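Undergrad: Pasting final_1.pdb below, which is PDB, C-alpha atoms.
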```
ATOM      1  CA  MET A   1     -15.080   2.328  11.836  1.00  0.00           C
ATOM      2  CA  GLU A   2     -15.426   1.991   8.067  1.00  0.00           C
ATOM      3  CA  ASN A   3     -14.641   5.703   7.690  1.00  0.00           C
ATOM      4  CA  ASP A   4     -11.486   5.281   9.802  1.00  0.00           C
ATOM      5  CA  ARG A   5     -10.283   2.523   7.483  1.00  0.00           C
ATOM      6  CA  TYR A   6     -10.757   4.807   4.469  1.00  0.00           C
ATOM      7  CA  LYS A   7      -8.903   7.594   6.233  1.00  0.00           C
ATOM      8  CA  ARG A   8      -5.942   5.279   6.925  1.00  0.00           C
ATOM      9  CA  GLU A   9      -5.978   4.092   3.311  1.00  0.00           C
ATOM     10  CA  LEU A  10      -6.176   7.674   2.043  1.00  0.00           C
ATOM     11  CA  ASN A  11      -3.286   8.726   4.285  1.00  0.00           C
ATOM     12  CA  ALA A  12      -1.107   5.864   3.038  1.00  0.00           C
ATOM     13  CA  PHE A  13      -2.068   6.617  -0.550  1.00  0.00           C
ATOM     14  CA  LEU A  14      -1.322  10.349  -0.276  1.00  0.00           C
ATOM     15  CA  VAL A  15       2.096   9.731   1.283  1.00  0.00           C
ATOM     16  CA  GLU A  16       2.976   7.142  -1.356  1.00  0.00           C
ATOM     17  CA  VAL A  17       1.655   9.153  -4.307  1.00  0.00           C
ATOM     18  CA  PHE A  18       3.290  12.366  -3.116  1.00  0.00           C
ATOM     19  CA  ASN A  19       6.670  10.641  -2.923  1.00  0.00           C
ATOM     20  CA  ASP A  20       6.125   8.908  -6.273  1.00  0.00           C
ATOM     21  CA  ILE A  21       5.199  12.182  -7.970  1.00  0.00           C
ATOM     22  CA  LEU A  22       8.298  13.915  -6.585  1.00  0.00           C
ATOM     23  CA  LYS A  23      10.548  11.084  -7.717  1.00  0.00           C
ATOM     24  CA  THR A  24       8.904  10.886 -11.152  1.00  0.00           C
ATOM     25  CA  GLU A  25       9.157  14.640 -11.605  1.00  0.00           C
ATOM     26  CA  GLU A  26      12.834  14.497 -10.651  1.00  0.00           C
ATOM     27  CA  ILE A  27      13.443  11.778 -13.262  1.00  0.00           C
ATOM     28  CA  TYR A  28      11.463  13.692 -15.898  1.00  0.00           C
ATOM     29  CA  VAL A  29      13.304  16.961 -15.271  1.00  0.00           C
ATOM     30  CA  THR A  30      16.690  15.226 -15.267  1.00  0.00           C
ATOM     31  CA  GLU A  31      15.922  13.416 -18.537  1.00  0.00           C
ATOM     32  CA  SER A  32      14.598  16.526 -20.296  1.00  0.00           C
ATOM     33  CA  CYS A  33      17.073  19.066 -18.850  1.00  0.00           C
ATOM     34  CA  ALA A  34      20.055  17.251 -17.379  1.00  0.00           C
ATOM     35  CA  ASP A  35      21.570  20.395 -15.853  1.00  0.00           C
ATOM     36  CA  LEU A  36      18.458  21.350 -13.819  1.00  0.00           C
ATOM     37  CA  SER A  37      17.161  20.293 -10.434  1.00  0.00           C
ATOM     38  CA  VAL A  38      13.438  20.120  -9.686  1.00  0.00           C
ATOM     39  CA  ARG A  39      13.810  23.200  -7.439  1.00  0.00           C
ATOM     40  CA  GLU A  40      15.435  25.138 -10.284  1.00  0.00           C
ATOM     41  CA  MET A  41      12.702  23.980 -12.666  1.00  0.00           C
ATOM     42  CA  HIS A  42      10.042  25.264 -10.279  1.00  0.00           C
ATOM     43  CA  ILE A  43      11.769  28.646 -10.126  1.00  0.00           C
ATOM     44  CA  ILE A  44      11.810  28.826 -13.926  1.00  0.00           C
ATOM     45  CA  GLU A  45       8.146  27.818 -13.930  1.00  0.00           C
ATOM     46  CA  GLU A  46       7.297  30.564 -11.412  1.00  0.00           C
ATOM     47  CA  VAL A  47       9.158  33.215 -13.411  1.00  0.00           C
ATOM     48  CA  CYS A  48       7.393  32.155 -16.626  1.00  0.00           C
ATOM     49  CA  ARG A  49       4.005  32.210 -14.874  1.00  0.00           C
ATOM     50  CA  ALA A  50       4.649  35.667 -13.400  1.00  0.00           C
ATOM     51  CA  VAL A  51       5.747  37.100 -16.756  1.00  0.00           C
ATOM     52  CA  ASP A  52       2.906  35.442 -18.699  1.00  0.00           C
ATOM     53  CA  GLN A  53       0.244  36.534 -16.214  1.00  0.00           C
ATOM     54  CA  GLY A  54       1.603  40.064 -15.821  1.00  0.00           C
ATOM     55  CA  ARG A  55       2.369  39.470 -12.140  1.00  0.00           C
ATOM     56  CA  ASP A  56       5.310  40.787 -10.161  1.00  0.00           C
ATOM     57  CA  ASN A  57       8.455  39.122 -11.486  1.00  0.00           C
ATOM     58  CA  ARG A  58      10.946  40.754  -9.124  1.00  0.00           C
ATOM     59  CA  SER A  59      13.102  38.389  -7.089  1.00  0.00           C
ATOM     60  CA  SER A  60      11.253  39.170  -3.865  1.00  0.00           C
ATOM     61  CA  ALA A  61       7.914  38.148  -5.378  1.00  0.00           C
ATOM     62  CA  ILE A  62       9.337  34.970  -6.908  1.00  0.00           C
ATOM     63  CA  ALA A  63      10.974  34.046  -3.587  1.00  0.00           C
ATOM     64  CA  ALA A  64       7.689  34.568  -1.742  1.00  0.00           C
ATOM     65  CA  ALA A  65       5.767  32.489  -4.281  1.00  0.00           C
ATOM     66  CA  GLN A  66       8.315  29.681  -3.962  1.00  0.00           C
ATOM     67  CA  HIS A  67       8.417  29.931  -0.146  1.00  0.00           C
ATOM     68  CA  VAL A  68      12.180  30.470  -0.068  1.00  0.00           C
ATOM     69  CA  THR A  69      14.330  33.263   1.319  1.00  0.00           C
ATOM     70  CA  ALA A  70      15.653  36.045  -0.884  1.00  0.00           C
ATOM     71  CA  GLY A  71      19.178  34.706  -0.352  1.00  0.00           C
ATOM     72  CA  THR A  72      18.213  31.196  -1.428  1.00  0.00           C
ATOM     73  CA  LEU A  73      16.545  32.562  -4.548  1.00  0.00           C
ATOM     74  CA  THR A  74      19.562  34.749  -5.367  1.00  0.00           C
ATOM     75  CA  VAL A  75      21.860  31.723  -5.326  1.00  0.00           C
ATOM     76  CA  ALA A  76      19.451  29.776  -7.561  1.00  0.00           C
ATOM     77  CA  VAL A  77      18.981  32.684  -9.986  1.00  0.00           C
ATOM     78  CA  ASN A  78      22.754  33.139 -10.233  1.00  0.00           C
ATOM     79  CA  GLN A  79      23.035  29.485 -11.252  1.00  0.00           C
ATOM     80  CA  LEU A  80      20.075  29.654 -13.647  1.00  0.00           C
ATOM     81  CA  GLU A  81      21.448  32.797 -15.236  1.00  0.00           C
ATOM     82  CA  ALA A  82      24.867  31.145 -15.684  1.00  0.00           C
ATOM     83  CA  LYS A  83      23.174  28.113 -17.266  1.00  0.00           C
ATOM     84  CA  GLY A  84      21.229  30.381 -19.634  1.00  0.00           C
ATOM     85  CA  TYR A  85      17.688  29.760 -18.331  1.00  0.00           C
ATOM     86  CA  LEU A  86      16.906  33.145 -16.743  1.00  0.00           C
ATOM     87  CA  GLU A  87      18.039  36.713 -17.156  1.00  0.00           C
ATOM     88  CA  ARG A  88      17.925  39.756 -14.926  1.00  0.00           C
ATOM     89  CA  VAL A  89      16.555  42.902 -16.548  1.00  0.00           C
ATOM     90  CA  ARG A  90      16.470  46.389 -15.039  1.00  0.00           C
ATOM     91  CA  ASP A  91      12.942  47.753 -14.689  1.00  0.00           C
ATOM     92  CA  SER A  92      12.497  50.594 -17.168  1.00  0.00           C
ATOM     93  CA  GLY A  93      10.284  52.496 -14.720  1.00  0.00           C
ATOM     94  CA  ASP A  94      12.476  52.020 -11.653  1.00  0.00           C
ATOM     95  CA  LYS A  95      16.164  51.469 -12.352  1.00  0.00           C
ATOM     96  CA  ARG A  96      16.701  50.174  -8.790  1.00  0.00           C
ATOM     97  CA  SER A  97      14.362  47.288  -9.462  1.00  0.00           C
ATOM     98  CA  VAL A  98      15.453  44.126 -11.279  1.00  0.00           C
ATOM     99  CA  ARG A  99      13.000  41.811 -13.003  1.00  0.00           C
ATOM    100  CA  LEU A 100      13.535  38.147 -13.798  1.00  0.00           C
ATOM    101  CA  ARG A 101      12.705  36.829 -17.247  1.00  0.00           C
ATOM    102  CA  PRO A 102      13.062  33.422 -18.839  1.00  0.00           C
ATOM    103  CA  THR A 103      15.348  33.068 -21.834  1.00  0.00           C
ATOM    104  CA  GLU A 104      14.248  30.955 -24.790  1.00  0.00           C
ATOM    105  CA  LYS A 105      16.128  28.055 -23.164  1.00  0.00           C
ATOM    106  CA  GLY A 106      14.124  28.693 -19.981  1.00  0.00           C
ATOM    107  CA  ARG A 107      10.873  28.773 -21.949  1.00  0.00           C
ATOM    108  CA  GLU A 108      11.713  25.448 -23.593  1.00  0.00           C
ATOM    109  CA  ALA A 109      12.493  23.850 -20.222  1.00  0.00           C
ATOM    110  CA  ASN A 110       9.193  25.187 -18.889  1.00  0.00           C
ATOM    111  CA  ARG A 111       7.304  23.738 -21.898  1.00  0.00           C
ATOM    112  CA  ARG A 112       8.780  20.319 -21.172  1.00  0.00           C
ATOM    113  CA  HIS A 113       7.871  20.611 -17.510  1.00  0.00           C
ATOM    114  CA  THR A 114       4.334  21.698 -18.427  1.00  0.00           C
ATOM    115  CA  ASP A 115       4.075  18.595 -20.627  1.00  0.00           C
ATOM    116  CA  PHE A 116       4.918  16.429 -17.610  1.00  0.00           C
ATOM    117  CA  HIS A 117       2.118  18.008 -15.566  1.00  0.00           C
ATOM    118  CA  ARG A 118      -0.355  17.781 -18.471  1.00  0.00           C
ATOM    119  CA  GLU A 119       0.421  14.071 -18.919  1.00  0.00           C
ATOM    120  CA  LEU A 120       0.034  13.510 -15.176  1.00  0.00           C
ATOM    121  CA  VAL A 121      -3.387  15.192 -15.093  1.00  0.00           C
ATOM    122  CA  GLU A 122      -4.585  13.438 -18.247  1.00  0.00           C
ATOM    123  CA  ALA A 123      -3.574  10.048 -16.845  1.00  0.00           C
ATOM    124  CA  THR A 124      -5.381  10.900 -13.613  1.00  0.00           C
ATOM    125  CA  VAL A 125      -8.713  11.854 -15.162  1.00  0.00           C
ATOM    126  CA  GLU A 126      -8.871   9.507 -18.142  1.00  0.00           C
ATOM    127  CA  THR A 127     -10.619   6.780 -16.133  1.00  0.00           C
ATOM    128  CA  LEU A 128     -12.870   9.120 -14.139  1.00  0.00           C
ATOM    129  CA  THR A 129     -16.319  10.444 -14.881  1.00  0.00           C
ATOM    130  CA  THR A 130     -16.928  14.185 -14.831  1.00  0.00           C
ATOM    131  CA  GLU A 131     -18.485  13.871 -11.369  1.00  0.00           C
ATOM    132  CA  GLU A 132     -15.547  11.856 -10.059  1.00  0.00           C
ATOM    133  CA  THR A 133     -13.102  14.386 -11.515  1.00  0.00           C
ATOM    134  CA  GLN A 134     -15.002  17.192  -9.804  1.00  0.00           C
ATOM    135  CA  ALA A 135     -15.013  15.297  -6.486  1.00  0.00           C
ATOM    136  CA  LEU A 136     -11.273  14.638  -6.770  1.00  0.00           C
ATOM    137  CA  ALA A 137     -10.638  18.322  -7.512  1.00  0.00           C
ATOM    138  CA  ARG A 138     -12.721  19.341  -4.463  1.00  0.00           C
ATOM    139  CA  GLY A 139     -10.825  16.907  -2.232  1.00  0.00           C
ATOM    140  CA  LEU A 140      -7.437  18.069  -3.459  1.00  0.00           C
ATOM    141  CA  SER A 141      -8.537  21.697  -3.054  1.00  0.00           C
ATOM    142  CA  GLY A 142      -9.293  20.911   0.572  1.00  0.00           C
ATOM    143  CA  ILE A 143      -5.807  19.485   1.049  1.00  0.00           C
ATOM    144  CA  ALA A 144      -4.244  22.525  -0.634  1.00  0.00           C
ATOM    145  CA  ALA A 145      -6.288  24.939   1.496  1.00  0.00           C
ATOM    146  CA  PHE A 146      -5.284  23.114   4.688  1.00  0.00           C
ATOM    147  CA  ILE A 147      -1.569  23.153   3.774  1.00  0.00           C
ATOM    148  CA  ARG A 148      -1.619  26.836   2.803  1.00  0.00           C
ATOM    149  CA  ALA A 149      -3.551  27.927   5.868  1.00  0.00           C
ATOM    150  CA  LYS A 150      -1.588  25.886   8.375  1.00  0.00           C
ATOM    151  CA  TYR A 151       1.951  25.836   6.975  1.00  0.00           C
ATOM    152  CA  LEU A 152       2.440  28.301   4.102  1.00  0.00           C
ATOM    153  CA  ARG A 153       1.060  31.563   5.475  1.00  0.00           C
TER     154      ARG A 153
END
```
How would this structure read if it were set down as structure tokens?

TA:
Amino acid sequence: MENDRYKRELNAFLVEVFNDILKTEEIYVTESCADLSVREMHIIEEVCRAVDQGRDNRSSAIAAAQHVTAGTLTVAVNQLEAKGYLERVRDSGDKRSVRLRPTEKGREANRRHTDFHRELVEATVETLTTEETQALARGLSGIAAFIRAKYLR
């Protein structure tokens, strides 16, 4: 019975915190880059991550990583290119292939977005012990694994 109460409390907390994080991120993105949506910011973030980690930065790979269709990504990239955040570059090895790269404006937007996430994590762990931080990370990893396995295959 006690465990059921904690499960109900955890469910309510996760729903509330998830919504609060989304809303806060939307406010943060809008205040730091007024012409971007959160979805656009996440696309910029994905392109930066792919380039920085030497991963595939073609549109198809970015679309897959963002769990959107190629058509949806194309529309977003067109807008981000027009706004000056991303650029399309022909692959030097395969002229048929087009790579996505952030512009300096895109890099700056990504730095601001990274700051938001860093502040969020720091605020989360500042009152926790190392053991509590590790337990929280394990619990959140379980949630992430469940979501990926069940819904984001």

Undergrad: Apply the PyMOL selection byres ((chain A and resi 111) around 12) to the file shown and report the selected residues as a PDB file with C-alpha atoms, in the frame of the given file.

TA:
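Final output, saved to expr_7.pdb:
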```pdb
ATOM      1  CA  VAL A  29      13.304  16.961 -15.271  1.00  0.00           C
ATOM      2  CA  SER A  32      14.598  16.526 -20.296  1.00  0.00           C
ATOM      3  CA  CYS A  33      17.073  19.066 -18.850  1.00  0.00           C
ATOM      4  CA  MET A  41      12.702  23.980 -12.666  1.00  0.00           C
ATOM      5  CA  ILE A  44      11.810  28.826 -13.926  1.00  0.00           C
ATOM      6  CA  GLU A  45       8.146  27.818 -13.930  1.00  0.00           C
ATOM      7  CA  CYS A  48       7.393  32.155 -16.626  1.00  0.00           C
ATOM      8  CA  ARG A  49       4.005  32.210 -14.874  1.00  0.00           C
ATOM      9  CA  PRO A 102      13.062  33.422 -18.839  1.00  0.00           C
ATOM     10  CA  GLU A 104      14.248  30.955 -24.790  1.00  0.00           C
ATOM     11  CA  LYS A 105      16.128  28.055 -23.164  1.00  0.00           C
ATOM     12  CA  GLY A 106      14.124  28.693 -19.981  1.00  0.00           C
ATOM     13  CA  ARG A 107      10.873  28.773 -21.949  1.00  0.00           C
ATOM     14  CA  GLU A 108      11.713  25.448 -23.593  1.00  0.00           C
ATOM     15  CA  ALA A 109      12.493  23.850 -20.222  1.00  0.00           C
ATOM     16  CA  ASN A 110       9.193  25.187 -18.889  1.00  0.00           C
ATOM     17  CA  ARG A 112       8.780  20.319 -21.172  1.00  0.00           C
ATOM     18  CA  HIS A 113       7.871  20.611 -17.510  1.00  0.00           C
ATOM     19  CA  THR A 114       4.334  21.698 -18.427  1.00  0.00           C
ATOM     20  CA  ASP A 115       4.075  18.595 -20.627  1.00  0.00           C
ATOM     21  CA  PHE A 116       4.918  16.429 -17.610  1.00  0.00           C
ATOM     22  CA  HIS A 117       2.118  18.008 -15.566  1.00  0.00           C
ATOM     23  CA  ARG A 118      -0.355  17.781 -18.471  1.00  0.00           C
TER      24      ARG A 118
END
```

Undergrad: One decimal, in Å: what's the spacing between atom CA of Arg55 of chain A and atom CA of Glu25 of chain A?

TA: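 Value for the atom CA of Arg55 of chain A-atom CA of Glu25 of chain A distance: 25.7 Å.
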
Undergrad: For each of A:Asp35, A:Asp56, A:Glu40, A:Glu126, take the minimum atom-to-atom distance to Arg99 of chain A, counting all atoms listed in the file, then give the residue where this is smallest.

TA: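 Going through A:Asp35, A:Asp56, A:Glu40, A:Glu126 one by one, the smallest distance to Arg99 of chain A is for A:Asp56.
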
Undergrad: For Arg96 of chain A, which residue out of A:Glu119, A:Leu140, A:Arg58, A:Lys83 is the nearest one, using all atoms listed in the file?

TA: A:Arg58

Undergrad: Let me know the centre plus edge lengths, in Å and rounded to one decimal, of a box with edges along x, y and z that contains all listed atoms of segment 136-150 of chain A and is padded by 6 Å on every side, as AutoDock Vina command-line options.

TA:
```
--center_x -7.1 --center_y 21.3 --center_z 0.4 --size_x 23.2 --size_y 25.3 --size_z 27.9
```

Undergrad: Quick one, how far is atom CA of Ala63 of chain A from atom CA of Lys95 of chain A?

TA: 20.2 Å

Undergrad: Go ahead and compute the interatomic distance for atom CA of Gly54 of chain A and atom CA of Thr103 of chain A, in Å to one decimal.

TA: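 Separation of atom CA of Gly54 of chain A and atom CA of Thr103 of chain A: 16.6 Å.
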
Undergrad: Take segment 84-95 of chain A, model all heavy atoms, and hand the result over as an mmCIF file, in the frame of the given file.

TA:
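And here's selection.cif as it stands now:
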```cif
data_model
loop_
_atom_site.group_PDB
_atom_site.id
_atom_site.type_symbol
_atom_site.label_atom_id
_atom_site.label_comp_id
_atom_site.auth_asym_id
_atom_site.auth_seq_id
_atom_site.Cartn_x
_atom_site.Cartn_y
_atom_site.Cartn_z
ATOM 1 N N GLY A 84 21.945 29.841 -18.484
ATOM 2 C CA GLY A 84 21.229 30.381 -19.634
ATOM 3 C C GLY A 84 19.719 30.226 -19.607
ATOM 4 O O GLY A 84 19.060 30.387 -20.639
ATOM 5 N N TYR A 85 19.132 29.957 -18.430
ATOM 6 C CA TYR A 85 17.688 29.760 -18.331
ATOM 7 C C TYR A 85 16.923 31.035 -17.963
ATOM 8 O O TYR A 85 15.764 31.190 -18.327
ATOM 9 C CB TYR A 85 17.360 28.671 -17.306
ATOM 10 C CG TYR A 85 17.736 27.295 -17.773
ATOM 11 C CD1 TYR A 85 18.928 26.696 -17.381
ATOM 12 C CD2 TYR A 85 16.902 26.577 -18.629
ATOM 13 C CE1 TYR A 85 19.281 25.426 -17.812
ATOM 14 C CE2 TYR A 85 17.241 25.309 -19.067
ATOM 15 C CZ TYR A 85 18.430 24.736 -18.658
ATOM 16 O OH TYR A 85 18.780 23.481 -19.088
ATOM 17 N N LEU A 86 17.543 31.897 -17.179
ATOM 18 C CA LEU A 86 16.906 33.145 -16.743
ATOM 19 C C LEU A 86 17.844 34.304 -17.017
ATOM 20 O O LEU A 86 19.053 34.128 -17.131
ATOM 21 C CB LEU A 86 16.593 33.109 -15.241
ATOM 22 C CG LEU A 86 15.557 32.121 -14.736
ATOM 23 C CD1 LEU A 86 15.406 32.250 -13.226
ATOM 24 C CD2 LEU A 86 14.214 32.296 -15.430
ATOM 25 N N GLU A 87 17.240 35.497 -17.060
ATOM 26 C CA GLU A 87 18.039 36.713 -17.156
ATOM 27 C C GLU A 87 17.456 37.763 -16.229
ATOM 28 O O GLU A 87 16.261 37.767 -15.939
ATOM 29 C CB GLU A 87 18.111 37.231 -18.598
ATOM 30 C CG GLU A 87 16.765 37.617 -19.184
ATOM 31 C CD GLU A 87 16.857 38.036 -20.639
ATOM 32 O OE1 GLU A 87 17.963 38.118 -21.183
ATOM 33 O OE2 GLU A 87 15.793 38.298 -21.227
ATOM 34 N N ARG A 88 18.329 38.618 -15.744
ATOM 35 C CA ARG A 88 17.925 39.756 -14.926
ATOM 36 C C ARG A 88 17.844 40.965 -15.848
ATOM 37 O O ARG A 88 18.750 41.211 -16.635
ATOM 38 C CB ARG A 88 18.940 40.015 -13.825
ATOM 39 C CG ARG A 88 18.967 38.976 -12.733
ATOM 40 C CD ARG A 88 20.073 39.314 -11.736
ATOM 41 N NE ARG A 88 20.007 38.516 -10.535
ATOM 42 C CZ ARG A 88 20.755 37.449 -10.293
ATOM 43 N NH1 ARG A 88 21.635 37.046 -11.192
ATOM 44 N NH2 ARG A 88 20.639 36.789 -9.161
ATOM 45 N N VAL A 89 16.758 41.729 -15.710
ATOM 46 C CA VAL A 89 16.555 42.902 -16.548
ATOM 47 C C VAL A 89 16.151 44.066 -15.654
ATOM 48 O O VAL A 89 15.237 43.932 -14.828
ATOM 49 C CB VAL A 89 15.445 42.637 -17.600
ATOM 50 C CG1 VAL A 89 15.212 43.859 -18.468
ATOM 51 C CG2 VAL A 89 15.785 41.425 -18.446
ATOM 52 N N ARG A 90 16.822 45.197 -15.812
ATOM 53 C CA ARG A 90 16.470 46.389 -15.039
ATOM 54 C C ARG A 90 15.079 46.864 -15.443
ATOM 55 O O ARG A 90 14.736 46.899 -16.623
ATOM 56 C CB ARG A 90 17.463 47.518 -15.305
ATOM 57 C CG ARG A 90 18.792 47.267 -14.669
ATOM 58 C CD ARG A 90 18.993 48.180 -13.460
ATOM 59 N NE ARG A 90 20.227 47.798 -12.800
ATOM 60 C CZ ARG A 90 20.290 47.444 -11.533
ATOM 61 N NH1 ARG A 90 19.235 47.461 -10.784
ATOM 62 N NH2 ARG A 90 21.432 47.098 -11.006
ATOM 63 N N ASP A 91 14.287 47.224 -14.452
ATOM 64 C CA ASP A 91 12.942 47.753 -14.689
ATOM 65 C C ASP A 91 13.068 49.118 -15.344
ATOM 66 O O ASP A 91 13.785 49.990 -14.842
ATOM 67 C CB ASP A 91 12.206 47.855 -13.351
ATOM 68 C CG ASP A 91 10.748 48.198 -13.516
ATOM 69 O OD1 ASP A 91 10.445 49.166 -14.242
ATOM 70 O OD2 ASP A 91 9.914 47.524 -12.908
ATOM 71 N N SER A 92 12.394 49.313 -16.453
ATOM 72 C CA SER A 92 12.497 50.594 -17.168
ATOM 73 C C SER A 92 11.895 51.743 -16.367
ATOM 74 O O SER A 92 12.336 52.880 -16.493
ATOM 75 C CB SER A 92 11.820 50.495 -18.533
ATOM 76 O OG SER A 92 10.460 50.140 -18.380
ATOM 77 N N GLY A 93 10.919 51.455 -15.526
ATOM 78 C CA GLY A 93 10.284 52.496 -14.720
ATOM 79 C C GLY A 93 11.020 52.809 -13.435
ATOM 80 O O GLY A 93 10.912 53.917 -12.903
ATOM 81 N N ASP A 94 11.751 51.849 -12.911
ATOM 82 C CA ASP A 94 12.476 52.020 -11.653
ATOM 83 C C ASP A 94 13.821 51.308 -11.786
ATOM 84 O O ASP A 94 13.907 50.090 -11.637
ATOM 85 C CB ASP A 94 11.667 51.425 -10.494
ATOM 86 C CG ASP A 94 12.360 51.562 -9.148
ATOM 87 O OD1 ASP A 94 13.484 52.098 -9.088
ATOM 88 O OD2 ASP A 94 11.765 51.114 -8.146
ATOM 89 N N LYS A 95 14.845 52.038 -12.075
ATOM 90 C CA LYS A 95 16.164 51.469 -12.352
ATOM 91 C C LYS A 95 16.749 50.691 -11.174
ATOM 92 O O LYS A 95 17.662 49.894 -11.332
ATOM 93 C CB LYS A 95 17.158 52.572 -12.783
ATOM 94 C CG LYS A 95 16.762 53.257 -14.059
ATOM 95 C CD LYS A 95 16.846 52.301 -15.227
ATOM 96 C CE LYS A 95 16.539 53.046 -16.523
ATOM 97 N NZ LYS A 95 16.284 52.165 -17.630
#
```
